[in-house]
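Okay, coords_36.txt now, which holds compact mmCIF, C-alpha atoms:
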```
# COMPACT_ATOMS: atom_id res chain seq x y z
CA MET T 1 26.99 0.68 -32.54
CA ASN T 2 28.13 1.83 -29.09
CA THR T 3 25.72 0.62 -26.37
CA SER T 4 26.02 3.92 -24.48
CA LYS T 5 24.79 5.77 -27.56
CA ILE T 6 21.85 3.38 -27.88
CA TYR T 7 21.10 3.87 -24.17
CA ALA T 8 21.14 7.66 -24.58
CA PHE T 9 18.90 7.39 -27.66
CA VAL T 10 16.16 5.26 -26.07
CA LEU T 11 15.98 7.62 -23.08
CA ASN T 12 15.85 10.76 -25.21
CA PRO T 13 12.67 12.74 -24.30
CA TRP T 14 11.77 13.17 -27.98
CA VAL T 15 12.00 9.41 -28.56
CA VAL T 16 9.73 8.89 -25.53
CA ILE T 17 7.16 11.45 -26.76
CA ILE T 18 7.21 10.14 -30.34
CA SER T 19 6.77 6.54 -29.13
CA LEU T 20 3.80 7.56 -26.96
CA GLY T 21 2.25 9.62 -29.77
CA ALA T 22 2.63 6.83 -32.32
CA GLY T 23 1.03 4.38 -29.89
CA VAL T 24 -1.90 6.73 -29.24
CA ALA T 25 -2.45 7.19 -32.99
CA PHE T 26 -2.32 3.45 -33.63
CA GLY T 27 -4.71 2.75 -30.73
CA MET T 28 -7.25 5.24 -32.10
CA LEU T 29 -6.98 4.10 -35.74
CA ALA T 30 -6.85 0.34 -35.20
CA PRO T 31 -8.31 -0.65 -31.80
CA PRO T 32 -8.71 -4.38 -32.62
CA LEU T 33 -5.01 -4.61 -33.50
CA ALA T 34 -3.81 -2.37 -30.66
CA THR T 35 -5.62 -3.94 -27.69
CA PRO T 36 -3.77 -7.31 -27.81
CA LEU T 37 -0.45 -5.46 -27.50
CA ALA T 38 -1.12 -4.96 -23.77
CA PHE T 39 0.81 -8.14 -22.96
CA VAL T 40 4.08 -6.43 -23.94
CA GLY T 41 3.63 -3.79 -21.24
CA ASP T 42 2.52 -6.39 -18.69
CA ILE T 43 5.66 -8.46 -19.23
CA TYR T 44 7.90 -5.40 -19.11
CA VAL T 45 6.44 -4.06 -15.86
CA ASP T 46 6.62 -7.52 -14.26
CA LEU T 47 10.31 -7.75 -15.20
CA LEU T 48 10.94 -4.39 -13.55
CA LYS T 49 9.00 -5.37 -10.43
CA MET T 50 11.10 -8.52 -10.25
CA ILE T 51 14.16 -6.32 -9.70
CA THR T 52 12.63 -3.71 -7.41
CA LEU T 53 12.42 -5.45 -4.03
CA PRO T 54 15.87 -7.14 -4.12
CA PHE T 55 17.33 -3.80 -5.16
CA MET T 56 15.57 -1.85 -2.39
CA VAL T 57 16.47 -4.33 0.37
CA SER T 58 20.14 -4.50 -0.61
CA ALA T 59 20.45 -0.72 -1.06
CA VAL T 60 18.80 0.20 2.26
CA ILE T 61 20.64 -2.37 4.41
CA PHE T 62 23.98 -1.65 2.75
CA SER T 63 23.54 2.14 3.06
CA LEU T 64 22.41 2.06 6.71
CA GLN T 65 25.42 -0.07 7.59
CA ARG T 66 27.77 2.48 6.04
CA LEU T 67 25.82 5.38 7.52
CA PHE T 68 26.31 4.07 11.06
CA ARG T 69 30.01 3.62 10.44
CA ASP T 70 30.35 7.16 9.06
CA GLY T 71 28.16 8.79 11.75
CA GLY T 72 25.59 11.61 11.41
CA THR T 73 22.47 9.43 11.59
CA ALA T 74 20.39 11.70 13.89
CA SER T 75 21.02 14.85 11.88
CA LEU T 76 20.18 13.10 8.61
CA LEU T 77 16.86 11.77 9.92
CA GLY T 78 15.96 15.26 11.20
CA ARG T 79 16.52 16.74 7.75
CA VAL T 80 14.47 13.96 6.17
CA ALA T 81 11.46 14.71 8.43
CA LEU T 82 11.67 18.45 7.71
CA VAL T 83 11.92 17.95 3.94
CA PHE T 84 9.03 15.47 3.96
CA LEU T 85 6.75 17.98 5.70
CA ALA T 86 7.83 20.90 3.49
CA PHE T 87 7.44 19.03 0.19
CA SER T 88 4.05 17.54 1.16
CA ALA T 89 2.69 20.95 2.19
CA PHE T 90 4.02 22.65 -0.95
CA VAL T 91 2.53 20.21 -3.47
CA ALA T 92 -0.82 20.18 -1.64
CA ILE T 93 -1.04 23.99 -1.67
CA ALA T 94 0.09 24.15 -5.32
CA GLY T 95 -2.61 21.67 -6.33
CA ALA T 96 -5.32 23.52 -4.42
CA ALA T 97 -4.28 26.92 -5.80
CA THR T 98 -4.33 25.63 -9.39
CA LEU T 99 -7.79 24.04 -9.06
CA LEU T 100 -9.22 27.10 -7.30
CA ILE T 101 -7.86 29.42 -10.01
CA LEU T 102 -8.76 27.30 -13.06
CA ARG T 103 -12.00 25.82 -11.61
CA PRO T 104 -12.20 23.01 -14.21
CA GLY T 105 -15.35 21.50 -12.63
CA GLU T 106 -17.49 24.63 -12.99
CA ASN T 107 -19.57 25.86 -15.94
CA LEU T 108 -19.12 22.66 -17.92
CA PRO T 109 -21.10 22.39 -21.18
CA SER T 110 -24.31 20.37 -21.14
CA SER T 111 -22.79 17.81 -23.53
CA THR T 112 -20.02 17.06 -21.06
CA MET T 113 -22.49 16.75 -18.17
CA HIS T 114 -24.56 14.38 -20.32
CA THR T 115 -21.46 12.25 -20.95
CA PHE T 116 -20.75 12.21 -17.20
CA GLY T 117 -24.29 10.99 -16.58
CA GLN T 118 -23.92 8.20 -19.15
CA ILE T 119 -20.59 7.03 -17.71
CA VAL T 120 -21.72 6.91 -14.08
CA GLY T 121 -25.22 5.69 -14.82
CA GLY T 122 -26.89 8.65 -13.17
CA ASP T 123 -27.92 12.22 -13.85
CA LEU T 124 -25.61 15.01 -12.77
CA SER T 125 -28.19 17.66 -13.56
CA ALA T 126 -30.55 16.39 -10.85
CA SER T 127 -31.27 18.90 -8.13
CA ASP T 128 -30.07 16.69 -5.29
CA THR T 129 -26.72 16.10 -7.08
CA THR T 130 -26.55 12.57 -5.64
CA MET T 131 -25.55 9.56 -7.75
CA ASN T 132 -25.19 5.95 -6.76
CA LEU T 133 -23.75 3.12 -8.83
CA ARG T 134 -25.08 0.27 -6.69
CA GLY T 135 -27.91 1.62 -4.60
CA VAL T 136 -27.09 3.19 -1.26
CA ASP T 137 -23.40 3.84 -0.66
CA GLU T 138 -21.95 1.58 1.95
CA VAL T 139 -20.54 3.14 5.07
CA LYS T 140 -16.92 2.15 5.14
CA LYS T 141 -15.08 1.60 8.37
CA THR T 142 -12.26 4.09 8.70
CA ALA T 143 -8.88 2.77 9.74
CA SER T 144 -7.48 4.09 12.99
CA PHE T 145 -3.92 5.27 13.55
CA ALA T 146 -3.25 2.07 15.49
CA ASP T 147 -4.49 -0.02 12.56
CA MET T 148 -2.15 1.86 10.26
CA LEU T 149 0.84 1.19 12.52
CA VAL T 150 -0.04 -2.50 12.77
CA SER T 151 -0.24 -2.75 8.98
CA LEU T 152 3.35 -1.51 8.66
CA VAL T 153 4.88 -4.42 10.56
CA PRO T 154 5.67 -7.51 8.44
CA ALA T 155 4.72 -10.59 10.44
CA ASN T 156 6.44 -12.65 7.74
CA ILE T 157 9.06 -10.93 5.60
CA PHE T 158 8.98 -13.70 3.01
CA SER T 159 5.23 -13.24 2.62
CA ALA T 160 5.75 -9.48 2.20
CA LEU T 161 8.39 -10.12 -0.47
CA ALA T 162 6.17 -12.64 -2.27
CA ASN T 163 3.20 -10.23 -2.27
CA GLY T 164 5.32 -7.29 -3.43
CA ASP T 165 4.48 -5.27 -0.32
CA THR T 166 6.95 -2.42 -0.69
CA LEU T 167 6.17 -0.64 2.57
CA LYS T 168 6.49 -3.72 4.80
CA THR T 169 9.68 -4.71 3.02
CA LEU T 170 11.07 -1.23 3.60
CA VAL T 171 10.29 -1.46 7.34
CA PHE T 172 12.14 -4.78 7.52
CA ALA T 173 15.11 -3.40 5.56
CA LEU T 174 15.34 -0.34 7.83
CA LEU T 175 15.24 -2.37 11.06
CA PHE T 176 17.61 -5.02 9.73
CA GLY T 177 19.98 -2.35 8.42
CA LEU T 178 20.02 -0.60 11.79
CA ALA T 179 20.89 -3.91 13.47
CA VAL T 180 23.61 -4.75 10.94
CA GLY T 181 25.13 -1.32 11.53
CA HIS T 182 25.83 -2.36 15.13
CA VAL T 183 27.44 -5.69 14.18
CA PRO T 184 31.27 -5.69 14.21
CA THR T 185 32.85 -5.25 10.78
CA ARG T 186 34.76 -8.52 10.90
CA ILE T 187 31.42 -10.38 11.16
CA SER T 188 29.33 -8.32 8.73
CA ASP T 189 31.85 -8.03 5.87
CA GLY T 190 30.52 -11.16 4.14
CA LEU T 191 26.96 -9.81 4.15
CA THR T 192 28.19 -6.42 2.91
CA GLN T 193 29.85 -7.96 -0.13
CA ALA T 194 26.79 -10.09 -0.91
CA LEU T 195 24.46 -7.07 -0.71
CA GLU T 196 26.76 -5.01 -2.91
CA THR T 197 26.74 -7.80 -5.51
CA VAL T 198 22.93 -7.92 -5.51
CA TYR T 199 22.77 -4.14 -5.78
CA HIS T 200 25.06 -3.90 -8.81
CA ALA T 201 23.40 -6.90 -10.51
CA CYS T 202 20.00 -5.20 -10.20
CA GLN T 203 21.41 -1.98 -11.64
CA THR T 204 22.80 -3.90 -14.62
CA LEU T 205 19.46 -5.61 -15.22
CA MET T 206 17.70 -2.25 -15.10
CA ARG T 207 20.07 -0.85 -17.71
CA TRP T 208 19.42 -3.82 -20.01
CA LEU T 209 15.66 -3.36 -19.67
CA SER T 210 15.93 0.25 -20.82
CA PHE T 211 16.88 -0.71 -24.38
CA PRO T 212 13.40 -1.89 -25.56
CA LEU T 213 11.72 1.15 -23.96
CA PRO T 214 10.43 2.86 -27.18
CA VAL T 215 8.75 -0.36 -28.34
CA VAL T 216 7.20 -0.90 -24.90
CA LEU T 217 5.86 2.67 -24.80
CA PHE T 218 4.28 2.25 -28.21
CA CYS T 219 2.57 -1.03 -27.26
CA MET T 220 1.32 0.21 -23.87
CA SER T 221 -0.17 3.47 -25.15
CA ALA T 222 -1.72 1.77 -28.21
CA ALA T 223 -3.34 -0.95 -26.07
CA GLN T 224 -4.76 1.59 -23.61
CA LEU T 225 -6.34 3.79 -26.29
CA GLY T 226 -7.60 0.73 -28.14
CA LYS T 227 -9.36 -0.43 -24.97
CA THR T 228 -10.94 2.79 -23.63
CA GLY T 229 -11.17 5.02 -26.69
CA ILE T 230 -11.01 8.81 -26.59
CA GLU T 231 -14.50 9.65 -25.22
CA PRO T 232 -13.60 9.38 -21.48
CA LEU T 233 -10.65 11.69 -22.08
CA ARG T 234 -12.92 14.26 -23.69
CA ALA T 235 -15.42 14.14 -20.84
CA MET T 236 -12.74 14.56 -18.19
CA GLY T 237 -10.59 16.82 -20.35
CA ALA T 238 -10.86 19.84 -18.05
CA PHE T 239 -9.62 17.87 -15.04
CA VAL T 240 -6.79 16.24 -16.99
CA VAL T 241 -5.64 19.64 -18.31
CA ALA T 242 -5.71 21.17 -14.82
CA PHE T 243 -3.77 18.23 -13.36
CA LEU T 244 -1.30 18.46 -16.25
CA ILE T 245 -0.70 22.14 -15.50
CA VAL T 246 -0.03 21.63 -11.79
CA SER T 247 2.16 18.59 -12.57
CA ALA T 248 4.22 20.60 -15.07
CA LEU T 249 4.64 23.36 -12.47
CA LEU T 250 5.84 20.90 -9.82
CA LEU T 251 8.20 19.18 -12.28
CA ALA T 252 9.73 22.54 -13.20
CA VAL T 253 10.22 23.46 -9.52
CA ALA T 254 11.80 20.06 -8.81
CA ALA T 255 14.19 20.41 -11.76
CA VAL T 256 15.28 23.85 -10.55
CA ILE T 257 15.86 22.52 -7.01
CA ILE T 258 18.03 19.67 -8.34
CA TRP T 259 19.92 22.09 -10.59
CA LYS T 260 20.69 24.50 -7.73
CA ARG T 261 21.72 21.68 -5.37
CA SER T 262 23.91 19.82 -7.86
CA ASN T 263 26.43 22.59 -8.61
CA GLY T 264 26.11 21.69 -12.29
CA THR T 265 24.51 23.42 -15.26
CA LEU T 266 20.82 23.28 -16.11
CA GLY T 267 21.66 21.23 -19.20
CA GLN T 268 23.54 18.66 -17.11
CA THR T 269 20.62 18.43 -14.70
CA LEU T 270 18.03 17.89 -17.43
CA ASN T 271 20.29 15.33 -19.10
CA ALA T 272 20.62 13.45 -15.79
CA LEU T 273 16.83 13.40 -15.36
CA ARG T 274 16.15 11.85 -18.78
CA GLY T 275 16.37 8.31 -17.45
CA PRO T 276 13.96 8.70 -14.50
CA PHE T 277 11.60 10.74 -16.69
CA ALA T 278 11.42 8.11 -19.44
CA LEU T 279 11.12 5.15 -17.09
CA ALA T 280 8.39 6.85 -15.02
CA LEU T 281 6.36 7.41 -18.19
CA ALA T 282 6.92 3.87 -19.40
CA THR T 283 6.23 1.93 -16.21
CA ARG T 284 3.99 4.22 -14.13
CA SER T 285 5.71 2.61 -11.14
CA SER T 286 7.85 4.75 -8.86
CA ALA T 287 9.43 1.73 -7.19
CA THR T 288 10.87 0.45 -10.46
CA CYS T 289 12.49 3.85 -11.06
CA MET T 290 14.66 3.65 -7.91
CA PRO T 291 17.80 2.20 -9.57
CA ILE T 292 17.86 4.81 -12.32
CA MET T 293 17.15 7.61 -9.82
CA ILE T 294 20.19 6.52 -7.84
CA GLU T 295 22.29 6.32 -11.00
CA SER T 296 21.24 9.84 -12.03
CA LEU T 297 21.96 11.40 -8.63
CA VAL T 298 25.26 9.59 -8.01
CA THR T 299 26.85 8.99 -11.41
CA ARG T 300 25.56 11.99 -13.33
CA LEU T 301 25.16 14.65 -10.62
CA GLY T 302 27.82 13.59 -8.12
CA PHE T 303 25.82 13.21 -4.89
CA ALA T 304 27.21 10.91 -2.17
CA ARG T 305 26.30 7.30 -2.91
CA SER T 306 26.02 6.30 0.77
CA ARG T 307 23.25 8.87 1.34
CA VAL T 308 21.45 8.49 -1.98
CA GLU T 309 21.15 4.70 -1.75
CA LEU T 310 19.37 5.05 1.59
CA LEU T 311 17.21 8.08 0.83
CA VAL T 312 15.81 7.07 -2.58
CA PRO T 313 13.94 3.96 -1.31
CA LEU T 314 12.86 5.87 1.80
CA THR T 315 11.39 8.81 -0.12
CA VAL T 316 9.76 6.70 -2.84
CA SER T 317 7.99 4.61 -0.19
CA LEU T 318 6.94 7.39 2.20
CA LEU T 319 7.06 10.79 0.45
CA ARG T 320 4.06 10.29 -1.84
CA ILE T 321 3.84 13.76 -3.35
CA GLY T 322 2.36 12.54 -6.65
CA PRO T 323 -0.70 10.98 -5.01
CA VAL T 324 -0.99 13.92 -2.57
CA VAL T 325 -1.40 16.54 -5.30
CA TYR T 326 -3.73 14.19 -7.20
CA TYR T 327 -6.02 13.76 -4.17
CA VAL T 328 -6.20 17.52 -3.66
CA CYS T 329 -7.06 18.16 -7.32
CA ALA T 330 -9.59 15.31 -7.55
CA THR T 331 -11.43 16.32 -4.35
CA LEU T 332 -11.72 19.96 -5.38
CA PHE T 333 -12.84 18.92 -8.88
CA ILE T 334 -15.63 16.75 -7.43
CA ALA T 335 -16.70 19.62 -5.17
CA GLN T 336 -16.85 21.96 -8.17
CA ILE T 337 -18.92 19.48 -10.24
CA TYR T 338 -21.50 19.26 -7.46
CA GLY T 339 -21.51 23.02 -6.89
CA ARG T 340 -20.09 22.77 -3.39
CA SER T 341 -18.41 26.00 -2.22
CA LEU T 342 -15.61 25.28 0.24
CA SER T 343 -14.67 27.51 3.13
CA PRO T 344 -11.00 28.13 4.03
CA VAL T 345 -11.37 25.61 6.88
CA GLU T 346 -12.74 22.98 4.50
CA ILE T 347 -9.89 23.61 2.06
CA GLY T 348 -7.48 23.11 4.95
CA ILE T 349 -9.22 19.79 5.69
CA VAL T 350 -8.77 18.76 2.04
CA LEU T 351 -5.04 19.56 2.21
CA THR T 352 -4.51 17.68 5.48
CA SER T 353 -6.55 14.64 4.50
CA SER T 354 -4.78 14.48 1.12
CA VAL T 355 -1.38 14.32 2.82
CA LEU T 356 -2.65 11.53 5.08
CA ALA T 357 -4.16 9.69 2.11
CA GLY T 358 -0.84 10.07 0.30
CA PHE T 359 0.95 8.39 3.17
CA ALA T 360 -1.70 5.66 3.19
CA SER T 361 -1.03 5.06 -0.53
CA ALA T 362 2.50 3.83 0.21
CA GLY T 363 2.99 0.50 -1.50
CA MET T 364 -0.22 0.90 -3.55
CA THR T 365 -0.47 1.30 -7.30
CA GLY T 366 -3.07 1.81 -10.01
CA LEU T 367 -6.76 1.80 -9.18
CA VAL T 368 -6.18 1.18 -5.48
CA THR T 369 -4.42 4.53 -5.35
CA VAL T 370 -7.37 6.21 -7.06
CA SER T 371 -9.83 4.72 -4.57
CA LEU T 372 -8.19 6.66 -1.74
CA ILE T 373 -9.79 9.85 -3.08
CA GLY T 374 -12.73 8.57 -1.03
CA MET T 375 -10.76 9.33 2.14
CA THR T 376 -10.57 13.02 1.30
CA CYS T 377 -14.14 13.23 -0.01
CA ALA T 378 -15.52 11.58 3.14
CA TYR T 379 -14.53 14.56 5.30
CA LEU T 380 -16.66 16.85 3.12
CA GLY T 381 -19.55 14.45 2.51
CA LEU T 382 -18.92 14.37 -1.25
CA PRO T 383 -20.30 11.34 -3.19
CA PHE T 384 -17.01 9.99 -4.52
CA GLU T 385 -18.33 6.47 -5.17
CA ALA T 386 -20.50 7.76 -8.01
CA ALA T 387 -17.65 9.72 -9.60
CA PHE T 388 -15.10 6.92 -9.14
CA ILE T 389 -15.62 5.51 -12.63
CA LEU T 390 -14.89 8.93 -14.15
CA PHE T 391 -11.43 8.92 -12.63
CA LEU T 392 -10.87 5.30 -13.65
CA ALA T 393 -11.49 6.31 -17.27
CA VAL T 394 -8.61 8.80 -17.33
CA ASP T 395 -6.34 7.14 -14.76
CA PRO T 396 -3.76 5.92 -17.33
CA VAL T 397 -2.97 9.56 -18.15
CA CYS T 398 -3.16 10.77 -14.53
CA ASP T 399 -1.12 7.80 -13.33
CA MET T 400 1.74 8.81 -15.63
CA LEU T 401 1.63 12.35 -14.25
CA ARG T 402 1.43 11.12 -10.62
CA THR T 403 4.45 8.89 -11.16
CA LEU T 404 6.43 11.65 -12.88
CA VAL T 405 5.77 14.10 -10.04
CA LEU T 406 6.65 11.48 -7.44
CA VAL T 407 9.87 10.34 -9.15
CA ILE T 408 11.26 13.76 -10.12
CA GLY T 409 9.96 15.41 -6.93
CA ASN T 410 11.55 12.74 -4.74
CA THR T 411 14.79 13.10 -6.66
CA ALA T 412 14.67 16.79 -5.68
CA ALA T 413 13.93 15.86 -2.05
CA VAL T 414 16.97 13.58 -1.94
CA ALA T 415 19.07 16.37 -3.46
CA VAL T 416 17.94 18.72 -0.67
CA VAL T 417 18.68 16.23 2.13
CA CYS T 418 22.08 15.16 0.77
CA PRO T 419 25.14 17.39 1.08
CA ARG T 420 25.97 19.30 -2.09
CA PRO T 421 28.39 17.43 -4.39
CA LEU T 422 31.90 18.81 -4.60
CA LYS T 423 32.70 20.86 -7.67
CA ILE T 424 35.16 19.15 -9.97
```

Written form, structure tokens:
Amino acid sequence: MNTSKIYAFVLNPWVVIISLGAGVAFGMLAPPLATPLAFVGDIYVDLLKMITLPFMVSAVIFSLQRLFRDGGTASLLGRVALVFLAFSAFVAIAGAATLLILRPGENLPSSTMHTFGQIVGGDLSASDTTMNLRGVDEVKKTASFADMLVSLVPANIFSALANGDTLKTLVFALLFGLAVGHVPTRISDGLTQALETVYHACQTLMRWLSFPLPVVLFCMSAAQLGKTGIEPLRAMGAFVVAFLIVSALLLAVAAVIIWKRSNGTLGQTLNALRGPFALALATRSSATCMPIMIESLVTRLGFARSRVELLVPLTVSLLRIGPVVYYVCATLFIAQIYGRSLSPVEIGIVLTSSVLAGFASAGMTGLVTVSLIGMTCAYLGLPFEAAFILFLAVDPVCDMLRTLVLVIGNTAAVAVVCPRPLKI
């Protein structure tokens, strides 16, 4: 059978959905058999992470070198800053509008509130609406802007690579790429060829790893349901549905933006996005989706490779629109559970702090990302520490949605920054 047909089959959205559904059913029906399957997903994600950093470093340095030779650096960076601000503001407002319209945290049935109380070990119906998991909440020291800047600089690039620190590695790649761009061609040609070899090798590895995707999806979803069961999903169902709605809205807007920028048909655009969509669902890691995002934008939609290879790692690391919309939704949901009415100024604070928390989430994954909801809740005095375990219970579902919004939304951001592809 032709390998390209197999590749198209495993990335088909219906195959992805069926694989996830079968895994969920197996996890619910046979938890003891499903839970041990988690090792399959762990191995798969580790294999993808193995490729991510070499790919990002080679792509950024190689692209910056070509960008300096072609010119237009200042104008490109200006467009990047403008798009970053516009996309962050849009997703934050969309998340807030959806939560304020649907109000999933209000008028919950008593059975759901009882389940909340059991999960967090407290009583949400108490008049003071204060819950603590471990006594009095600790006052956490807030990081200053200077601390944040210091944390971006890699004192040892090899340590950053070994620890998988995406943001520090990106800073190194950007600075090194800028320096290489000023080195004469006759000296830098050897490095250019080596980086191009690494880049194409990583792309090939990523394509190979796409073939077992349906099996991996089945094992990962089965293991997750076998471990946590369905009760946490029921208790947090209203929040998950609201977050699903806003995520679907943002994904639709992103797809339309890519369609209009690509000069192709809607069918061609959706076909090009199958790969990033499937891999984002499977891995829940935006960094591992970078090679297939580049392939979709360049090979399938015709955008300029020199721009795409630079902008994809940059947006994935810094334009954290998935976490931003999640922080907005989670903070407003907590406020609604505790009956806290927010003024327009307080809503503005939620939007601003969510964008900042999104930037702070760069290089973070999983539960560490969820913990940053505390940054947004702190400004409003909401007891996030007590509700933290509620969000942990449904994070596998929310993490998939966050990653999807980030991957497809950043693909749209790159399409806006890049010049339109020429019509063939």

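Using all atoms listed in the file, the smallest distance between any of T:Ala81, T:Val198, T:Val355, T:Leu161 and Phe62 in chain T comes from T:Val198.
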
Write out as a list in words each polymer residue whose atoms come within 7 Å of Met28 in chain T, counting only C-alpha atoms; drop sequence neighbours fewer than 6 positions from it.
Leu225, Gly226 and Gly229 of chain T

Determine, counting all atoms listed in the file, which protein, DNA and RNA residues have an atom within 8 Å of an atom of range 335-345 of chain T; residues of the same chain fewer than 3 positions away are not included. Present the result as an NGL selection string.
:T and (103-106 or 124 or 129 or 331-332 or 348-349 or 382)

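When all atoms listed in the file are used to measure the gap to Asn263 in chain T, the shortest distance among T:Phe303, T:Phe277, T:Trp14, T:Phe218 belongs to T:Phe303.
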
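Taking CA of Ser285 in chain T as the reference point, CA of Cys202 in chain T is found at 16.3 Å.
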
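Proximity ranking of T:Leu273, T:Ile187, T:Ala222, T:Val394 relative to Phe26 in chain T places T:Ala222 first, based on only C-alpha atoms.
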
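Put simply, CA of Ile258 in chain T is 14.4 Å away from CA of Leu422 in chain T.
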
Within 9 Å of range 241-252 of chain T, which residues of range 299-399 of chain T show up? Give each one with its shortest atom-to-atom distance in Å (one decimal) and the two atoms involved, counting all atoms listed in the file, rows by chain then rising residue number, as JSON lines.
```
{"residue": "T:Gly322", "atom": "CA", "partner": "T:Ser247", "partner_atom": "CA", "distance": 8.5}
{"residue": "T:Val325", "atom": "CA", "partner": "T:Ser247", "partner_atom": "CA", "distance": 8.4}
{"residue": "T:Tyr326", "atom": "CA", "partner": "T:Phe243", "partner_atom": "CA", "distance": 7.4}
{"residue": "T:Cys329", "atom": "CA", "partner": "T:Phe243", "partner_atom": "CA", "distance": 6.9}
{"residue": "T:Ala330", "atom": "CA", "partner": "T:Phe243", "partner_atom": "CA", "distance": 8.7}
{"residue": "T:Cys398", "atom": "CA", "partner": "T:Phe243", "partner_atom": "CA", "distance": 7.6}
```

Within 12 Å of Met293 in chain T, counting all atoms listed in the file, which residues qualify if same-chain residues fewer than 5 places away don't, as a VMD selection string?
chain T and resid 203 206 to 207 272 to 280 286 to 288 298 to 301 303 305 308 to 313 315 to 316 404 406 to 415

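CA of Val215 in chain T lies 12.6 Å from CA of Ile43 in chain T.
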